[in-house]
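J.: Contents of my_file_39.cif (mmCIF, C-alpha atoms and all ligand atoms):
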```cif
data_query
#
loop_
_atom_site.label_atom_id
_atom_site.label_comp_id
_atom_site.auth_asym_id
_atom_site.auth_seq_id
_atom_site.Cartn_x
_atom_site.Cartn_y
_atom_site.Cartn_z
CA VAL A 1 -1.83 1.51 -32.10
CA SER A 2 -5.11 3.36 -31.63
CA ALA A 3 -5.94 5.17 -28.42
CA PRO A 4 -7.85 2.85 -26.11
CA GLY A 5 -10.25 5.58 -24.94
CA SER A 6 -11.62 5.16 -21.44
CA ASP A 7 -13.14 1.68 -21.56
CA PRO A 8 -11.53 -0.22 -18.65
CA GLU A 9 -11.31 -3.49 -20.55
CA ALA A 10 -9.65 -1.91 -23.60
CA LEU A 11 -7.30 0.09 -21.38
CA LEU A 12 -6.23 -2.98 -19.41
CA GLU A 13 -5.68 -4.93 -22.60
CA ALA A 14 -3.50 -2.13 -23.98
CA ALA A 15 -1.64 -2.00 -20.67
CA ARG A 16 -0.95 -5.70 -20.98
CA PHE A 17 0.80 -5.00 -24.24
CA GLY A 18 3.04 -2.43 -22.67
CA GLU A 19 1.14 0.77 -23.34
CA ARG A 20 2.14 2.86 -20.39
CA VAL A 21 -0.30 5.66 -21.10
CA ALA A 22 -3.13 3.14 -20.91
CA LEU A 23 -1.77 1.74 -17.64
CA ALA A 24 -1.48 5.23 -16.19
CA ARG A 25 -5.07 5.93 -17.21
CA VAL A 26 -6.39 2.78 -15.53
CA LEU A 27 -4.55 3.71 -12.34
CA SER A 28 -6.13 7.18 -12.46
CA ILE A 29 -9.55 5.55 -12.64
CA VAL A 30 -8.67 3.44 -9.59
CA GLU A 31 -7.37 6.46 -7.73
CA ARG A 32 -10.54 8.47 -8.37
CA GLY A 33 -12.72 5.66 -7.06
CA GLY A 34 -16.46 5.44 -7.64
CA GLU A 35 -18.34 3.37 -10.17
CA PRO A 36 -15.71 3.37 -12.97
CA SER A 37 -13.10 2.02 -10.54
CA ARG A 38 -15.45 -0.84 -9.63
CA ALA A 39 -15.36 -2.01 -13.23
CA VAL A 40 -11.56 -1.92 -13.20
CA ALA A 41 -11.43 -3.73 -9.85
CA ARG A 42 -13.67 -6.47 -11.19
CA LEU A 43 -11.44 -7.08 -14.20
CA ALA A 44 -8.13 -6.78 -12.39
CA TYR A 45 -9.19 -9.11 -9.60
CA ARG A 46 -9.07 -12.07 -12.00
CA ALA A 47 -5.44 -11.43 -12.96
CA PRO A 48 -2.39 -13.03 -11.34
CA VAL A 49 -1.34 -11.09 -8.23
CA PRO A 50 2.16 -9.63 -8.42
CA TYR A 51 4.54 -10.06 -5.52
CA SER A 52 4.51 -6.89 -3.46
CA VAL A 53 7.22 -5.42 -1.27
CA GLY A 54 6.25 -2.49 0.96
CA LEU A 55 8.71 0.07 2.28
CA THR A 56 7.66 2.38 5.05
CA GLY A 57 9.37 4.77 7.43
CA ALA A 58 9.69 8.41 8.38
CA PRO A 59 10.02 11.04 5.65
CA GLY A 60 13.68 11.41 4.68
CA SER A 61 14.74 7.99 5.94
CA GLY A 62 15.79 7.07 2.41
CA LYS A 63 12.90 4.95 1.13
CA SER A 64 12.92 6.39 -2.37
CA THR A 65 16.68 6.08 -2.70
CA LEU A 66 16.44 2.52 -1.44
CA THR A 67 13.56 1.75 -3.80
CA ASP A 68 15.64 2.96 -6.70
CA ARG A 69 18.45 0.62 -5.63
CA LEU A 70 16.06 -2.28 -5.18
CA ILE A 71 14.79 -1.84 -8.71
CA GLY A 72 18.32 -2.43 -9.91
CA ALA A 73 18.78 -5.47 -7.68
CA ALA A 74 15.39 -6.89 -8.67
CA GLN A 75 16.05 -6.55 -12.37
CA GLU A 76 18.98 -8.82 -12.03
CA GLY A 77 17.39 -11.49 -9.90
CA TRP A 78 13.66 -11.48 -10.37
CA PRO A 79 12.14 -14.44 -12.22
CA ARG A 80 10.24 -13.18 -15.24
CA ARG A 81 6.70 -14.21 -15.81
CA GLY A 82 5.69 -14.72 -19.41
CA ALA A 83 4.02 -11.53 -20.48
CA PRO A 84 1.85 -11.54 -23.57
CA GLY A 85 3.14 -8.21 -24.81
CA PRO A 86 6.36 -7.14 -26.46
CA GLU A 87 9.65 -7.20 -24.57
CA ALA A 88 9.21 -3.54 -23.71
CA VAL A 89 6.43 -4.42 -21.29
CA ALA A 90 7.08 -3.02 -17.80
CA GLN A 91 8.14 -5.68 -15.34
CA ILE A 92 8.52 -3.83 -12.06
CA GLY A 93 5.97 -1.44 -10.68
CA VAL A 94 6.63 1.23 -8.09
CA LEU A 95 3.80 2.88 -6.17
CA ALA A 96 4.86 5.92 -4.16
CA VAL A 97 1.97 6.39 -1.75
CA ASP A 98 1.55 9.51 0.36
CA PRO A 99 -1.33 9.14 2.79
CA SER A 100 -0.33 12.29 4.66
CA SER A 101 -1.52 14.88 2.22
CA PRO A 102 -4.10 15.40 -0.50
CA PHE A 103 -1.55 17.35 -2.50
CA THR A 104 0.87 15.93 -5.00
CA GLY A 105 3.53 18.17 -3.55
CA GLY A 106 7.23 18.27 -2.87
CA ALA A 107 7.72 14.78 -1.48
CA ILE A 108 6.50 13.14 -4.62
CA LEU A 109 8.43 15.46 -6.90
CA GLY A 110 11.46 14.52 -4.84
CA ASP A 111 10.70 10.86 -5.40
CA ARG A 112 10.53 11.42 -9.14
CA VAL A 113 13.95 13.03 -9.07
CA ARG A 114 15.48 10.36 -6.88
CA MET A 115 14.06 7.57 -8.97
CA GLN A 116 15.13 9.15 -12.23
CA ASP A 117 17.73 6.45 -12.75
CA HIS A 118 14.82 4.29 -13.75
CA ALA A 119 12.34 6.93 -14.88
CA THR A 120 12.94 6.21 -18.56
CA ASP A 121 13.52 2.47 -18.14
CA PRO A 122 10.72 0.68 -20.01
CA ARG A 123 10.94 -2.23 -17.58
CA VAL A 124 9.95 -0.01 -14.67
CA PHE A 125 6.63 1.72 -14.13
CA ILE A 126 6.59 4.42 -11.44
CA ARG A 127 3.40 5.93 -10.14
CA SER A 128 2.63 8.33 -7.28
CA MET A 129 -0.61 8.07 -5.37
CA ALA A 130 -1.89 10.73 -2.98
CA THR A 131 -5.04 10.98 -0.92
CA ARG A 132 -8.05 11.99 -2.95
CA GLY A 133 -11.48 12.48 -1.54
CA HIS A 134 -12.81 10.53 1.36
CA LEU A 135 -11.10 8.85 4.25
CA GLY A 136 -9.99 5.32 3.55
CA GLY A 137 -10.07 5.88 -0.19
CA LEU A 138 -6.35 5.56 -0.60
CA THR A 139 -6.14 2.47 1.55
CA LEU A 140 -8.67 0.88 -0.77
CA ALA A 141 -7.03 2.17 -3.92
CA VAL A 142 -3.58 0.70 -3.20
CA PRO A 143 -4.52 -3.01 -3.35
CA ASP A 144 -6.58 -2.29 -6.45
CA ALA A 145 -3.60 -0.53 -8.02
CA VAL A 146 -1.38 -3.52 -7.22
CA ARG A 147 -3.85 -5.85 -8.92
CA VAL A 148 -4.04 -3.54 -11.94
CA LEU A 149 -0.27 -3.75 -12.23
CA GLY A 150 -0.61 -7.53 -12.08
CA ALA A 151 -3.22 -7.42 -14.82
CA ALA A 152 -0.73 -5.41 -16.87
CA GLY A 153 1.74 -8.28 -16.57
CA LEU A 154 4.02 -6.94 -13.85
CA ALA A 155 5.46 -9.56 -11.55
CA LEU A 156 6.81 -7.34 -8.80
CA VAL A 157 5.51 -4.17 -7.19
CA LEU A 158 7.41 -2.02 -4.72
CA ILE A 159 5.17 0.17 -2.55
CA GLU A 160 6.73 3.16 -0.82
CA THR A 161 4.60 4.69 1.94
CA VAL A 162 5.30 7.75 4.06
CA GLY A 163 5.27 6.99 7.75
CA VAL A 164 2.15 8.43 9.35
CA GLY A 165 0.08 6.58 11.88
CA GLN A 166 -2.56 3.96 11.33
CA MET A 167 -2.96 4.51 7.63
CA GLU A 168 0.71 3.79 7.20
CA VAL A 169 0.34 0.50 9.01
CA ASP A 170 -2.63 -0.33 6.79
CA VAL A 171 -0.82 0.44 3.57
CA ALA A 172 2.46 -1.09 4.71
CA SER A 173 0.80 -4.32 5.74
CA ALA A 174 -0.87 -4.53 2.34
CA ALA A 175 2.35 -6.02 0.96
CA ASP A 176 3.64 -9.58 0.84
CA THR A 177 6.93 -8.48 2.36
CA THR A 178 6.90 -5.39 4.55
CA ILE A 179 10.10 -3.45 5.16
CA VAL A 180 10.38 -0.81 7.86
CA VAL A 181 13.15 1.72 7.27
CA VAL A 182 14.71 3.54 10.20
CA THR A 183 17.82 5.69 10.47
CA PRO A 184 20.46 5.83 13.16
CA GLY A 185 19.70 8.33 15.85
CA TRP A 186 17.84 8.68 19.04
CA GLY A 187 14.39 7.20 19.25
CA ASP A 188 13.75 6.27 15.64
CA SER A 189 13.44 2.56 16.32
CA ILE A 190 11.39 3.25 19.45
CA GLN A 191 9.03 5.33 17.32
CA ALA A 192 8.67 2.41 14.93
CA ALA A 193 7.71 0.15 17.80
CA LYS A 194 5.19 2.67 19.12
CA ALA A 195 3.54 3.02 15.75
CA GLY A 196 2.82 -0.71 15.74
CA LEU A 197 5.35 -1.34 13.02
CA LEU A 198 7.15 -4.03 14.99
CA GLU A 199 4.14 -6.26 14.42
CA VAL A 200 3.89 -5.73 10.68
CA ALA A 201 7.60 -5.61 9.79
CA ASP A 202 9.10 -8.62 8.03
CA LEU A 203 12.41 -6.85 7.67
CA PHE A 204 14.06 -3.88 9.29
CA VAL A 205 16.47 -1.66 7.45
CA VAL A 206 18.76 0.69 9.27
CA ASN A 207 19.54 3.02 6.38
CA LYS A 208 22.14 5.81 6.43
CA ALA A 209 24.52 3.33 7.99
CA ASP A 210 27.26 5.81 7.06
CA ARG A 211 26.08 7.91 10.00
CA PRO A 212 26.85 7.50 13.69
CA GLY A 213 24.58 5.42 15.89
CA VAL A 214 24.04 2.47 13.54
CA ARG A 215 25.10 -0.15 16.03
CA GLU A 216 22.81 1.24 18.72
CA ALA A 217 19.86 1.29 16.32
CA VAL A 218 20.47 -2.33 15.30
CA ARG A 219 20.83 -3.33 18.94
CA ASP A 220 17.61 -1.52 19.96
CA LEU A 221 15.65 -3.24 17.23
CA ASN A 222 17.07 -6.65 18.07
CA GLN A 223 16.27 -6.18 21.74
CA MET A 224 12.69 -5.35 20.88
CA LEU A 225 12.49 -8.33 18.53
CA ASP A 226 13.79 -10.56 21.34
CA LEU A 227 10.60 -9.75 23.25
CA ALA A 228 8.32 -10.89 20.44
CA PRO A 229 7.11 -14.50 20.54
CA PRO A 230 9.28 -16.71 18.32
CA GLY A 231 7.71 -17.63 14.98
CA GLU A 232 8.63 -19.08 11.60
CA TRP A 233 10.49 -15.94 10.68
CA ARG A 234 12.44 -13.51 12.79
CA PRO A 235 12.64 -10.15 11.02
CA PRO A 236 16.27 -9.58 10.12
CA VAL A 237 17.83 -6.17 10.70
CA VAL A 238 19.80 -5.07 7.65
CA GLU A 239 22.17 -2.10 7.44
CA THR A 240 22.23 -0.13 4.21
CA VAL A 241 23.67 3.00 2.69
CA ALA A 242 21.12 3.63 -0.03
CA THR A 243 23.11 6.45 -1.61
CA THR A 244 26.05 4.16 -2.40
CA GLY A 245 24.16 0.88 -2.66
CA GLN A 246 26.05 -0.65 0.23
CA GLY A 247 24.06 -3.48 1.83
CA VAL A 248 21.35 -3.44 -0.84
CA GLU A 249 22.31 -6.83 -2.20
CA GLY A 250 22.04 -8.27 1.31
CA LEU A 251 18.64 -6.63 1.67
CA TRP A 252 17.54 -8.17 -1.61
CA THR A 253 18.74 -11.58 -0.42
CA GLN A 254 16.59 -11.22 2.71
CA ILE A 255 13.55 -10.17 0.67
CA ALA A 256 14.03 -13.24 -1.52
CA ALA A 257 14.45 -15.44 1.59
CA HIS A 258 11.25 -14.10 3.11
CA ARG A 259 9.38 -14.68 -0.14
CA ALA A 260 10.78 -18.21 -0.37
CA LEU A 261 9.59 -18.96 3.16
CA LEU A 262 6.09 -17.67 2.41
CA VAL A 263 5.88 -19.66 -0.81
CA ASP A 264 7.42 -22.88 0.51
CA LYS A 265 5.31 -23.06 3.67
CA GLY A 266 2.09 -22.04 1.95
CA LEU A 267 2.02 -18.88 4.04
CA LEU A 268 1.62 -16.55 1.09
CA GLU A 269 -1.96 -17.72 0.54
CA VAL A 270 -2.72 -17.44 4.26
CA ARG A 271 -1.32 -13.95 4.36
CA ARG A 272 -3.16 -12.83 1.27
CA ALA A 273 -6.41 -14.28 2.59
CA ALA A 274 -6.00 -12.34 5.85
CA ARG A 275 -5.34 -9.23 3.81
CA LEU A 276 -8.46 -9.76 1.74
CA GLU A 277 -10.44 -10.10 4.94
CA ARG A 278 -9.15 -6.71 6.11
CA GLU A 279 -9.86 -5.28 2.70
CA LEU A 280 -13.44 -6.54 2.69
CA ARG A 281 -14.02 -5.04 6.14
CA ARG A 282 -12.57 -1.78 4.91
CA VAL A 283 -14.81 -1.75 1.85
CA LEU A 284 -17.79 -2.27 4.16
CA ARG A 285 -16.65 0.58 6.39
CA VAL A 286 -16.19 2.96 3.47
CA ARG A 287 -19.55 1.96 2.01
CA LEU A 288 -21.29 2.52 5.34
CA ASP A 289 -19.50 5.83 5.67
CA GLU A 290 -20.90 6.84 2.30
CA GLU A 291 -24.35 5.83 3.54
CA VAL A 292 -23.87 7.99 6.63
CA THR A 293 -23.02 10.97 4.44
CA ARG A 294 -26.06 10.30 2.30
CA LEU A 295 -28.30 9.90 5.38
CA GLY A 296 -27.08 13.21 6.77
CA GLU A 297 -28.19 15.09 3.66
CA GLY A 298 -31.79 13.95 3.42
CA HIS A 299 -34.99 15.67 4.52
CA ARG A 300 -35.59 12.80 6.96
CA PHE A 301 -32.38 13.74 8.73
CA GLU A 302 -33.52 17.35 9.07
CA ALA A 303 -36.85 16.21 10.47
CA GLN A 304 -35.25 13.91 13.03
CA LEU A 305 -32.72 16.56 13.96
CA ALA A 306 -35.51 19.06 14.57
CA ARG A 307 -37.15 16.58 16.94
CA VAL A 308 -33.88 16.08 18.83
CA VAL A 309 -33.33 19.83 19.12
CA ALA A 310 -36.91 20.28 20.31
CA GLY A 311 -36.27 17.74 23.07
CA GLU A 312 -38.82 15.24 21.81
CA ILE A 313 -36.41 12.36 21.24
CA ASP A 314 -32.76 11.71 22.06
CA PRO A 315 -30.04 11.33 19.37
CA TYR A 316 -30.06 7.52 19.71
CA GLU A 317 -33.74 7.29 18.98
CA ALA A 318 -33.28 9.63 16.03
CA ALA A 319 -30.44 7.50 14.67
CA ASP A 320 -32.52 4.34 15.02
CA ALA A 321 -35.42 5.95 13.22
CA LEU A 322 -33.15 7.09 10.37
CA LEU A 323 -31.46 3.72 10.03
CA VAL A 324 -34.76 1.87 9.96
CA ALA A 325 -36.28 4.30 7.48
CA GLU A 326 -33.27 4.63 5.15
CA LEU A 327 -31.64 1.22 5.28
CA GLY A 328 -34.84 -0.79 5.52
CA GLY A 329 -34.17 -1.81 9.09
CA ARG A 330 -31.08 -3.81 8.17
CA ALA A 331 -28.68 -1.80 10.28
CA GLY A 332 -30.99 -1.00 13.16
CA THR A 333 -31.73 -4.52 14.31
CA ALA A 334 -29.41 -7.00 15.92
CA GLU A 335 -29.36 -10.42 14.28
N1 LIG B 1 24.02 9.89 4.21
C1 LIG B 1 23.04 9.21 3.64
N2 LIG B 1 22.05 9.87 3.03
C2 LIG B 1 21.05 9.15 2.47
C3 LIG B 1 21.05 7.74 2.48
N3 LIG B 1 19.93 7.32 1.86
C4 LIG B 1 19.26 8.41 1.47
N4 LIG B 1 19.93 9.52 1.82
C5 LIG B 1 19.54 10.92 1.57
O1 LIG B 1 18.44 11.24 2.41
C6 LIG B 1 17.54 12.13 1.75
C7 LIG B 1 16.14 11.56 1.75
O2 LIG B 1 16.10 10.39 0.93
P1 LIG B 1 14.74 9.84 0.30
O3 LIG B 1 15.09 8.61 -0.43
O4 LIG B 1 14.03 10.90 -0.47
O5 LIG B 1 13.89 9.53 1.60
P2 LIG B 1 12.34 9.16 1.72
O6 LIG B 1 11.62 10.42 2.09
O7 LIG B 1 12.27 8.15 2.80
O8 LIG B 1 11.89 8.62 0.40
C8 LIG B 1 18.11 12.35 0.37
O9 LIG B 1 18.84 13.55 0.36
C9 LIG B 1 19.03 11.16 0.16
O10 LIG B 1 20.09 11.42 -0.73
C10 LIG B 1 22.14 7.06 3.13
O11 LIG B 1 22.21 5.82 3.20
N5 LIG B 1 23.10 7.85 3.68
MG MG B 2 10.20 9.15 -0.75
#
```
Could you express the structure from this file as structure tokens?
Ligand SMILES: Nc1nc2c(ncn2[C@@H]2O[C@H](COP(=O)(O)OP(=O)(O)O)[C@@H](O)[C@H]2O)c(=O)[nH]1
Ligand SMILES: [Mg+2]

T.:
Amino acid sequence: VSAPGSDPEALLEAARFGERVALARVLSIVERGGEPSRAVARLAYRAPVPYSVGLTGAPGSGKSTLTDRLIGAAQEGWPRRGAPGPEAVAQIGVLAVDPSSPFTGGAILGDRVRMQDHATDPRVFIRSMATRGHLGGLTLAVPDAVRVLGAAGLALVLIETVGVGQMEVDVASAADTTIVVVTPGWGDSIQAAKAGLLEVADLFVVNKADRPGVREAVRDLNQMLDLAPPGEWRPPVVETVATTGQGVEGLWTQIAAHRALLVDKGLLEVRRAARLERELRRVLRVRLDEEVTRLGEGHRFEAQLARVVAGEIDPYEAADALLVAELGGRAGTAE
């Protein structure tokens, strides 16, 4: 098979036929952002959306080990979607997302090692994504990457995210089923609640259940869940020992149950629509942020700044003048 070059359409087509190098290249385009990634986004958006399962939690809580186990469980139970390519086409995608650092450093190397059980499995495609460039870029790149994996024929994507603040919540809630991983020990579940994860979690995992304090952690989580208003689904709290695989089958059963609920009640569409709304708002924010950067580099900016410094106008007036001049008055006037 000839090398597909860098044309997004050719690359995606090759990816659909199981060419992993092509798939990796498309994901690199998405990760870099900019105009080329728009072309990919446009193409991938038309493809079937894979089911996504997000895992989030503090570094070291066992997400990668658990992901590795889930791959095994999923391969046994996941319904296959007819892929146009050969049998060797990857079926499960794993995105290891690290919003905390712009470096592809130790954490991700560690993930590679821990997921090596499946590193050479042609049915699994593992990809690390780290922050590149501007703020919000990664949050935008993840849903695009998921859609690219869908366009490549993958039916299931596991997204592992390191637990850090708002961006974690954003990435974690970009999945159809969101799993929050905690470990036994003082305060871990409280931290999860503080970070706003109680609201976005569909499932809680108390991993490292071979360690003391499991029962207290489960109890804490359940007590906090008792306070939440009752809904269609109460997030179950599952105990696992990722290193031995204990409890992983039960976790998989709960993931499947959550998916079944979403599908049967038509909630999957509702959820995905809400996600697209957040995504659209985010795209707008990033675009406007780019405009702000551009505005701040122009000669007009320097001129307005000089007037502010000279005491002729205040910063608000300067901003209005810049917005009217640069954006044609669109942003400066209230509708
Ligand atoms: N005792 C114990 N150790 C675990 C368990 N799960 C993972 N670990 C270990 O915890 C460390 C961090 O695991 P990792 O999967 O990289 O965590 P991540 O940073 O959340 O992805 C590794 O040394 C794992 O072997 C568990 O259930 N019990
Ligand atoms: Mg990890």

J.: May I ask which of the residues A:Asp289, A:Asp176, A:Glu160, A:Asp314 is the closest one to ligand LIG 1 (chain B), counting only C-alpha atoms and all ligand atoms?

T.: A:Glu160

J.: Give as a PDB file with C-alpha atoms, in the coordinates of the input the residues surrounding ligand LIG 1 (chain B) up to a distance of 6 Å, considering all atoms listed in the file.

T.:
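What landed in out32.pdb:
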```pdb
ATOM      1  CA  PRO A  59      10.020  11.040   5.650  1.00  0.00           C
ATOM      2  CA  GLY A  60      13.680  11.410   4.680  1.00  0.00           C
ATOM      3  CA  SER A  61      14.740   7.990   5.940  1.00  0.00           C
ATOM      4  CA  GLY A  62      15.790   7.070   2.410  1.00  0.00           C
ATOM      5  CA  LYS A  63      12.900   4.950   1.130  1.00  0.00           C
ATOM      6  CA  SER A  64      12.920   6.390  -2.370  1.00  0.00           C
ATOM      7  CA  THR A  65      16.680   6.080  -2.700  1.00  0.00           C
ATOM      8  CA  ASP A 111      10.700  10.860  -5.400  1.00  0.00           C
ATOM      9  CA  ASN A 207      19.540   3.020   6.380  1.00  0.00           C
ATOM     10  CA  LYS A 208      22.140   5.810   6.430  1.00  0.00           C
ATOM     11  CA  ALA A 209      24.520   3.330   7.990  1.00  0.00           C
ATOM     12  CA  ASP A 210      27.260   5.810   7.060  1.00  0.00           C
ATOM     13  CA  VAL A 241      23.670   3.000   2.690  1.00  0.00           C
ATOM     14  CA  ALA A 242      21.120   3.630  -0.030  1.00  0.00           C
ATOM     15  CA  THR A 243      23.110   6.450  -1.610  1.00  0.00           C
TER      16      THR A 243
END
```

J.: Find the spatial neighbours of Pro235 (chain A), counting all atoms listed in the file, within a cut-off of 10 Å - ignore same-chain residues fewer than 6 positions away - and output them as a VMD selection string.

T.: chain A and resid 178 to 179 198 to 205 221 to 222 225 254 258

J.: Work out how far apart CA of Arg287 (chain A) and CA of Leu322 (chain A) are and give it in Å to one decimal.

T.: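 According to the coordinates, CA of Arg287 (chain A) and CA of Leu322 (chain A) are separated by 16.8 Å.
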
J.: Of the residues A:Val309, A:Ala39, A:Val97, A:Val49, which is the one nearest to ligand MG 2 (chain B), using only C-alpha atoms and all ligand atoms?

T.: A:Val97

J.: To one decimal place, how far is CA of Leu149 (chain A) from CA of Ser28 (chain A) in Å?

T.: 12.4 Å

J.: So that I can check the surroundings of Ile29 (chain A), please list as an MDAnalysis selection string every protein, DNA and RNA residue that reaches within 12 Å of it, counting only C-alpha atoms and ignoring chain neighbours fewer than 3 positions away.

T.: chainID A and resid 6:8 11:12 22:26 32:41 129 132 141 144:145 148

J.: So what do you get for CA of Leu295 (chain A) versus CA of Glu326 (chain A), distance-wise?

T.: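 Separation of CA of Leu295 (chain A) and CA of Glu326 (chain A): 7.2 Å.
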